[in-house]
>>> print(open('target24.txt').read())   # compact mmCIF, C-alpha atoms and all ligand atoms
# COMPACT_ATOMS: atom_id res chain seq x y z
CA MET A 27 -11.85 -0.42 -13.14
CA ILE A 28 -8.51 -0.49 -11.31
CA ILE A 29 -7.65 0.75 -7.82
CA ASP A 30 -4.21 2.12 -7.01
CA THR A 31 -3.99 0.78 -3.46
CA HIS A 32 -0.82 2.65 -2.56
CA CYS A 33 0.39 6.00 -3.81
CA HIS A 34 1.85 9.16 -2.31
CA LEU A 35 -0.03 11.94 -4.06
CA ASP A 36 0.87 14.35 -1.28
CA PHE A 37 4.59 14.21 -2.13
CA PRO A 38 6.12 17.39 -3.62
CA ASP A 39 6.54 15.55 -6.96
CA PHE A 40 2.83 16.14 -7.61
CA LYS A 41 2.43 19.66 -6.31
CA ASP A 42 2.23 21.34 -9.71
CA ASP A 43 -0.09 19.04 -11.63
CA LEU A 44 -2.13 16.86 -9.30
CA ASP A 45 -5.41 17.67 -11.09
CA ASN A 46 -3.90 16.31 -14.30
CA VAL A 47 -2.49 13.25 -12.58
CA ILE A 48 -5.90 12.40 -11.17
CA ASP A 49 -7.63 13.03 -14.51
CA ASN A 50 -5.08 10.91 -16.26
CA ALA A 51 -5.70 8.09 -13.79
CA LYS A 52 -9.44 8.22 -14.51
CA LYS A 53 -8.86 8.25 -18.27
CA ASN A 54 -6.83 5.08 -17.83
CA ASN A 55 -9.56 3.42 -15.78
CA VAL A 56 -7.72 3.82 -12.47
CA GLN A 57 -10.85 4.99 -10.69
CA TYR A 58 -9.89 5.00 -7.03
CA LEU A 59 -6.65 6.05 -5.39
CA ILE A 60 -5.48 5.36 -1.86
CA ASN A 61 -3.09 7.98 -0.59
CA VAL A 62 -0.81 6.25 1.89
CA ALA A 63 0.63 8.36 4.69
CA SER A 64 4.30 8.04 5.51
CA SER A 65 4.48 10.86 8.06
CA LEU A 66 2.21 12.83 10.37
CA GLU A 67 2.12 15.56 7.76
CA GLY A 68 1.14 12.91 5.21
CA CYS A 69 -1.82 11.95 7.42
CA TYR A 70 -3.17 15.50 7.27
CA ASN A 71 -2.38 15.79 3.58
CA GLY A 72 -4.31 12.60 2.88
CA LYS A 73 -7.34 13.96 4.68
CA GLU A 74 -7.17 17.16 2.67
CA LEU A 75 -6.76 15.35 -0.65
CA SER A 76 -9.66 13.03 0.14
CA SER A 77 -11.96 15.95 0.76
CA LYS A 78 -10.85 17.68 -2.44
CA TYR A 79 -11.04 14.61 -4.70
CA GLU A 80 -14.03 12.34 -4.39
CA ASN A 81 -12.12 9.26 -5.65
CA VAL A 82 -9.20 9.59 -3.21
CA PHE A 83 -9.15 7.64 0.06
CA TYR A 84 -6.37 7.74 2.63
CA THR A 85 -4.50 5.94 5.38
CA LEU A 86 -2.88 7.07 8.63
CA GLY A 87 0.60 5.99 9.66
CA ILE A 88 4.28 6.81 9.94
CA HIS A 89 6.98 5.13 7.86
CA PRO A 90 9.68 3.17 9.72
CA HIS A 91 12.25 5.59 8.25
CA ASP A 92 10.84 8.27 10.55
CA ALA A 93 10.37 6.08 13.63
CA LYS A 94 13.08 7.85 15.60
CA ASP A 95 11.17 11.14 15.54
CA VAL A 96 7.71 9.87 16.53
CA THR A 97 6.39 11.41 19.74
CA THR A 98 3.43 10.67 21.99
CA ALA A 99 1.85 13.85 20.69
CA ASP A 100 2.01 12.40 17.16
CA TYR A 101 0.06 9.30 18.18
CA ASN A 102 -2.51 11.48 19.87
CA LYS A 103 -2.94 13.61 16.77
CA ILE A 104 -3.44 10.48 14.67
CA LYS A 105 -6.00 9.17 17.16
CA GLU A 106 -7.78 12.50 16.83
CA LEU A 107 -7.86 12.08 13.02
CA LEU A 108 -9.32 8.61 13.48
CA LYS A 109 -12.49 10.13 14.88
CA ASP A 110 -13.63 10.95 11.37
CA LYS A 111 -13.17 7.66 9.55
CA LYS A 112 -15.29 8.44 6.53
CA LYS A 113 -12.48 8.09 3.98
CA ILE A 114 -9.79 6.42 6.10
CA VAL A 115 -9.24 2.90 4.80
CA ALA A 116 -6.20 1.61 6.70
CA ILE A 117 -3.37 2.19 9.15
CA GLY A 118 -0.08 2.49 7.26
CA GLU A 119 2.43 2.56 5.97
CA ILE A 120 4.02 1.04 9.03
CA GLY A 121 6.64 -1.64 9.45
CA LEU A 122 10.38 -2.16 9.45
CA ASP A 123 13.10 -1.16 7.00
CA TYR A 124 16.57 -2.55 7.73
CA PHE A 125 17.72 -1.83 4.19
CA ARG A 126 18.08 1.88 4.64
CA ASN A 127 18.04 1.81 8.44
CA LEU A 128 17.16 5.50 8.70
CA SER A 129 15.93 4.91 12.25
CA PRO A 130 17.47 2.53 14.82
CA LYS A 131 15.88 -0.93 14.83
CA LYS A 132 14.72 -0.57 18.42
CA GLU A 133 12.69 2.54 17.62
CA GLN A 134 11.32 1.06 14.41
CA LYS A 135 10.02 -1.93 16.37
CA GLU A 136 8.45 0.21 19.10
CA VAL A 137 6.61 2.40 16.61
CA PHE A 138 5.49 -0.62 14.59
CA VAL A 139 4.00 -2.25 17.70
CA LYS A 140 2.13 0.92 18.64
CA PHE A 141 0.59 1.23 15.19
CA LEU A 142 -0.33 -2.46 15.08
CA HIS A 143 -2.42 -1.84 18.18
CA MET A 144 -3.88 1.32 16.72
CA GLY A 145 -5.02 -0.76 13.75
CA LYS A 146 -6.60 -3.31 16.06
CA LEU A 147 -8.38 -0.73 18.19
CA SER A 148 -9.68 1.19 15.20
CA GLU A 149 -10.63 -2.03 13.36
CA LEU A 150 -8.77 -0.92 10.26
CA PRO A 151 -6.58 -3.11 8.05
CA LEU A 152 -2.81 -2.58 8.01
CA VAL A 153 -0.51 -1.54 5.18
CA VAL A 154 2.89 -3.01 6.03
CA HIS A 155 6.25 -1.98 4.62
CA THR A 156 9.07 -4.47 5.18
CA ARG A 157 12.50 -4.43 3.63
CA ASP A 158 15.38 -6.69 4.69
CA SER A 159 13.36 -7.25 7.87
CA LEU A 160 11.01 -10.11 7.02
CA ASP A 161 11.66 -12.29 10.10
CA ASP A 162 11.28 -9.47 12.61
CA THR A 163 8.17 -8.20 10.84
CA ILE A 164 6.44 -11.57 11.11
CA GLU A 165 7.62 -12.19 14.66
CA ILE A 166 6.31 -8.84 15.89
CA MET A 167 3.00 -9.18 14.05
CA LYS A 168 2.43 -12.69 15.45
CA ASN A 169 3.37 -11.63 18.97
CA GLU A 170 1.10 -8.62 18.93
CA LEU A 171 -1.87 -9.75 16.85
CA GLY A 172 -1.75 -13.54 16.50
CA ASN A 173 -1.79 -15.78 13.44
CA ASN A 174 -4.60 -14.24 11.40
CA ILE A 175 -4.07 -10.62 10.54
CA ASN A 176 -5.91 -8.24 8.25
CA ALA A 177 -2.84 -6.76 6.60
CA VAL A 178 -1.21 -6.30 3.22
CA ILE A 179 2.51 -6.61 2.62
CA HIS A 180 3.00 -3.75 0.18
CA CYS A 181 5.65 -3.65 -2.56
CA PHE A 182 6.18 -7.34 -1.99
CA SER A 183 9.86 -8.26 -2.24
CA GLY A 184 10.20 -11.56 -0.39
CA GLY A 185 10.73 -15.11 -1.62
CA LYS A 186 8.41 -18.09 -1.77
CA ASP A 187 8.84 -18.99 1.91
CA PHE A 188 7.90 -15.52 3.03
CA LEU A 189 4.91 -15.56 0.69
CA ARG A 190 3.73 -18.85 2.20
CA THR A 191 4.02 -17.43 5.74
CA VAL A 192 2.13 -14.30 4.77
CA LEU A 193 -0.66 -16.24 3.05
CA ASP A 194 -0.95 -18.64 5.99
CA MET A 195 -1.54 -15.62 8.22
CA SER A 196 -4.47 -14.57 5.94
CA MET A 197 -2.61 -11.53 4.67
CA TYR A 198 -2.72 -9.99 1.23
CA VAL A 199 0.21 -9.00 -0.97
CA SER A 200 0.50 -6.09 -3.33
CA PHE A 201 2.93 -5.68 -6.18
CA THR A 202 4.29 -2.55 -7.80
CA CYS A 203 5.62 -1.88 -11.29
CA ASN A 204 9.05 -3.02 -10.09
CA VAL A 205 8.08 -6.52 -11.24
CA THR A 206 8.55 -5.20 -14.78
CA TYR A 207 12.25 -4.51 -14.20
CA LYS A 208 14.84 -6.58 -16.04
CA LYS A 209 16.44 -7.82 -12.84
CA ALA A 210 13.13 -8.75 -11.17
CA GLU A 211 13.11 -12.37 -12.37
CA PRO A 212 13.04 -13.80 -8.80
CA LEU A 213 10.06 -11.59 -7.96
CA ARG A 214 8.22 -12.68 -11.11
CA ASP A 215 8.78 -16.32 -10.06
CA VAL A 216 7.15 -15.63 -6.69
CA LEU A 217 4.23 -13.82 -8.31
CA LYS A 218 3.15 -17.02 -10.02
CA TYR A 219 2.40 -18.51 -6.60
CA VAL A 220 0.14 -15.70 -5.42
CA PRO A 221 -3.52 -16.78 -5.34
CA MET A 222 -5.73 -14.40 -7.30
CA ASP A 223 -7.89 -13.70 -4.25
CA ARG A 224 -4.97 -12.21 -2.31
CA LEU A 225 -3.34 -10.02 -4.94
CA MET A 226 -3.58 -6.23 -5.11
CA LEU A 227 -1.97 -3.63 -7.35
CA GLU A 228 -0.18 -0.42 -6.44
CA THR A 229 2.17 2.11 -7.96
CA ASP A 230 3.88 3.46 -4.82
CA ALA A 231 4.01 6.62 -6.98
CA PRO A 232 6.02 8.81 -7.32
CA PHE A 233 8.44 5.87 -7.00
CA LEU A 234 9.02 2.77 -9.12
CA ALA A 235 7.90 3.78 -12.62
CA PRO A 236 7.44 0.76 -14.92
CA GLN A 237 10.35 -0.41 -17.08
CA ALA A 238 9.12 1.48 -20.16
CA LEU A 239 9.17 4.77 -18.19
CA ARG A 240 12.08 4.09 -15.90
CA GLY A 241 13.69 7.14 -14.37
CA LYS A 242 10.50 9.17 -14.69
CA ARG A 243 8.02 10.06 -12.00
CA ASN A 244 5.52 7.26 -11.53
CA GLU A 245 1.78 8.00 -11.35
CA PRO A 246 -1.41 5.99 -10.80
CA ALA A 247 -2.32 5.89 -14.53
CA ASN A 248 0.74 3.69 -15.05
CA LEU A 249 -1.06 0.78 -13.42
CA VAL A 250 -2.21 -0.06 -16.95
CA HIS A 251 1.40 -1.08 -17.66
CA LEU A 252 1.35 -3.37 -14.65
CA VAL A 253 -1.99 -4.92 -15.64
CA ALA A 254 -0.74 -5.61 -19.17
CA PHE A 255 2.49 -7.06 -17.85
CA LEU A 256 0.77 -9.34 -15.33
CA SER A 257 -1.65 -10.51 -17.98
CA GLU A 258 1.29 -11.69 -20.12
CA LEU A 259 3.15 -13.21 -17.20
CA LEU A 260 0.24 -15.03 -15.59
CA LYS A 261 -1.64 -15.85 -18.81
CA ILE A 262 -4.81 -14.27 -17.43
CA SER A 263 -6.83 -11.69 -19.34
CA GLN A 264 -6.36 -8.02 -18.46
CA GLU A 265 -10.06 -7.81 -17.61
CA GLU A 266 -9.72 -10.59 -15.11
CA ILE A 267 -6.58 -9.10 -13.52
CA GLU A 268 -8.46 -5.83 -13.13
CA SER A 269 -11.66 -7.26 -11.74
CA ARG A 270 -10.03 -9.71 -9.32
CA THR A 271 -7.53 -7.23 -7.87
CA THR A 272 -10.24 -4.57 -7.59
CA GLU A 273 -12.58 -6.96 -5.77
CA ASN A 274 -9.74 -7.78 -3.38
CA ALA A 275 -9.00 -4.11 -2.70
CA ILE A 276 -12.65 -3.30 -2.10
CA ARG A 277 -12.98 -6.22 0.31
CA PHE A 278 -9.66 -5.65 2.07
CA PHE A 279 -10.07 -1.91 2.59
CA GLY A 280 -13.79 -2.22 3.38
CA MET A 281 -14.63 0.12 0.52
CA ASN A 282 -17.81 -1.70 -0.54
CA LYS A 283 -20.14 0.83 1.00
CA ARG A 284 -18.09 3.79 -0.13
CA VAL A 285 -17.45 3.25 -3.82
CA ASN A 286 -19.84 2.86 -6.68
CA SER A 287 -18.46 -0.26 -8.36
CA SER A 288 -20.66 0.24 -11.39
CA SER A 289 -18.89 3.49 -12.28
ZN ZN A 301 6.80 1.32 1.51
ZN ZN A 302 4.86 3.83 -0.04
>>> encode(input="target24.txt", output="structure tokens", more="lines below")
Ligand SMILES: [Zn+2]
Ligand SMILES: [Zn+2]
Amino acid sequence: MIIDTHCHLDFPDFKDDLDNVIDNAKKNNVQYLINVASSLEGCYNGKELSSKYENVFYTLGIHPHDAKDVTTADYNKIKELLKDKKKIVAIGEIGLDYFRNLSPKKEQKEVFVKFLHMGKLSELPLVVHTRDSLDDTIEIMKNELGNNINAVIHCFSGGKDFLRTVLDMSMYVSFTCNVTYKKAEPLRDVLKYVPMDRLMLETDAPFLAPQALRGKRNEPANLVHLVAFLSELLKISQEEIESRTTENAIRFFGMNKRVNSSS
């Protein structure tokens, strides 16, 4: 069984055929899906999806792209949602994105700090997005939460030094199908240094379809491409890639009491 630890099923890309997408995931052994919120609306959508589909869990957070629009009322609404934690598995995606810079850095940092504390107070792990902002991300996390943090750096895109820092802080890393891209050689080099007990898999669907399907909408079922690819690259059997990354996801997101791992 595989877990897609990061997808955006609430995006309009899936509005016409979500039942099929979820069926297709199951047929391909992708049993559990974590819908990651990127906006306040996404938080509510995640809740709705998780009540409709038994195998969907969700997170609460606001993407750094939207930091400039976050209001106090938004935080309060998210705190309200946190009262029913049954299928909430993390705070995220939160972080910094200086690549697209859709919100000013100052606002991105302020929102990030607030959500880091929300994660701490609610005792939930963190799903962190960081792009062209590695140093600031680490500095803020260390300042706010110290040197050991229950977080995953999603869609990992750093080098070996960043990986070392992240691992030293007890964090996890998750990789998307973008490691299958022709130009992703540097990322594949880094992957070889990731210990198997810290690795998780994600699609970030609808984005980042694997090389064989590039240009198309990505979906959770496509994790089978990533598993096959990693098996080749790391010389580890597909079964082992699946079982190790699934164990990690269950442990990291505290899903042990909520999923039936024998299914
Ligand atoms: Zn992201
Ligand atoms: Zn995402």
>>> closest_atom_pairs(input="target24.txt", of="chain A", to="ligand ZN 301 (chain A)", cutoff="8 Å", atoms="only C-alpha atoms and all ligand atoms", output="CSV")
residue,atom,partner,partner_atom,distance
A:His89,CA,A:ZN301,ZN,7.4
A:Glu119,CA,A:ZN301,ZN,6.4
A:Val154,CA,A:ZN301,ZN,7.4
A:His155,CA,A:ZN301,ZN,4.6
A:Thr156,CA,A:ZN301,ZN,7.2
A:His180,CA,A:ZN301,ZN,6.5
A:Cys181,CA,A:ZN301,ZN,6.5
A:Asp230,CA,A:ZN301,ZN,7.3
>>> write_last_selection(input="target24.txt", atoms="C-alpha atoms", output="short mmCIF file (atom, residue, chain, number, x, y, z; two decimals), in the coordinates of the input")
data_model
loop_
_atom_site.label_atom_id
_atom_site.label_comp_id
_atom_site.auth_asym_id
_atom_site.auth_seq_id
_atom_site.Cartn_x
_atom_site.Cartn_y
_atom_site.Cartn_z
CA HIS A 89 6.98 5.13 7.86
CA GLU A 119 2.43 2.56 5.97
CA VAL A 154 2.89 -3.01 6.03
CA HIS A 155 6.25 -1.98 4.62
CA THR A 156 9.07 -4.47 5.18
CA HIS A 180 3.00 -3.75 0.18
CA CYS A 181 5.65 -3.65 -2.56
CA ASP A 230 3.88 3.46 -4.82
#
>>> residues_near_point(input="target24.txt", point="(-9.2, -0.8, -7.7)", cutoff="12 Å", atoms="all atoms listed in the file", output="ChimeraX atom specification")
/A:27-32,51-52,54-60,81-83,200,225-229,246-247,249-250,253,267-279,281-282,285-287,289
>>> closest_atom_pairs(input="target24.txt", of="segment 192-277 of chain A", to="segment 34-49 of chain A", cutoff="7 Å", atoms="all atoms listed in the file", output="Markdown table")
| residue | atom | partner | partner_atom | distance |
| --- | --- | --- | --- | --- |
| A:Asp230 | CA | A:His34 | CA | 6.6 |
| A:Ala231 | CA | A:His34 | CA | 5.7 |
| A:Pro232 | CA | A:His34 | CA | 6.5 |
| A:Glu245 | CA | A:Val47 | CA | 6.9 |
>>> atom_distance(input="target24.txt", atom1="atom CA of Ile262 of chain A", atom2="atom CA of Glu211 of chain A")
18.7 Å
>>> closest_residue(input="target24.txt", among="A:Leu128, A:Ile120, A:Leu66, A:Leu256", to="ligand ZN 302 (chain A)", atoms="all atoms listed in the file")
A:Ile120
>>> residues_around(input="target24.txt", residues="Glu133 of chain A", least_positions_apart="3", cutoff="7 Å", atoms="all atoms listed in the file", output="list in words")
Ala93, Lys94, Ser129, Pro130, Glu136 and Val137 of chain A
>>> residues_near_point(input="target24.txt", point="(11.7, -18.8, -5.4)", cutoff="12 Å", atoms="all atoms listed in the file", output="list in words")
Ser183, Gly184, Gly185, Lys186, Asp187, Phe188, Leu189, Arg190, Ala210, Glu211, Pro212, Leu213, Arg214, Asp215, Val216, Leu217, Lys218, Tyr219 and Val220 of chain A
>>> atom_distance(input="target24.txt", atom1="atom CA of Asn248 of chain A", atom2="atom CA of Ala235 of chain A")
7.6 Å
>>> closest_residue(input="target24.txt", among="A:Val115, A:Ser76, A:Glu67, A:Leu259", to="Ser148 of chain A", atoms="only C-alpha atoms")
A:Val115
>>> atom_distance(input="target24.txt", atom1="atom CA of Asn174 of chain A", atom2="atom CA of Met197 of chain A")
7.5 Å
>>> axis_aligned_box(input="target24.txt", around="segment 242-255 of chain A", padding_each_side="4 Å", output="AutoDock Vina command-line options")
--center_x 4.1 --center_y 1.5 --center_z -15.0 --size_x 20.8 --size_y 25.1 --size_z 16.4
>>> closest_residue(input="target24.txt", among="A:Lys168, A:Arg157, A:Lys112, A:Lys53", to="ligand ZN 302 (chain A)", atoms="only C-alpha atoms and all ligand atoms")
A:Arg157
>>> closest_residue(input="target24.txt", among="A:Ala116, A:Val192, A:Ile104, A:Leu122", to="His91 of chain A", atoms="only C-alpha atoms")
A:Leu122
>>> residues_around(input="target24.txt", residues="Asn176 of chain A", least_positions_apart="4", cutoff="12 Å", atoms="all atoms listed in the file", output="PyMOL selection string")
chain A and resi 116-117+142+145-146+149-154+167-168+171-172+192-199+224+277-280
>>> closest_residue(input="target24.txt", among="A:Phe138, A:Phe201, A:Phe255, A:Tyr207", to="ligand ZN 302 (chain A)", atoms="all atoms listed in the file")
A:Phe201
>>> closest_residue(input="target24.txt", among="A:Leu260, A:Ile179, A:Ala99, A:Leu75", to="ligand ZN 302 (chain A)", atoms="all atoms listed in the file")
A:Ile179
>>> residues_around(input="target24.txt", residues="Glu170 of chain A", least_positions_apart="5", cutoff="10 Å", atoms="only C-alpha atoms", output="ChimeraX atom specification")
/A:139-140,142-143,146,164-165
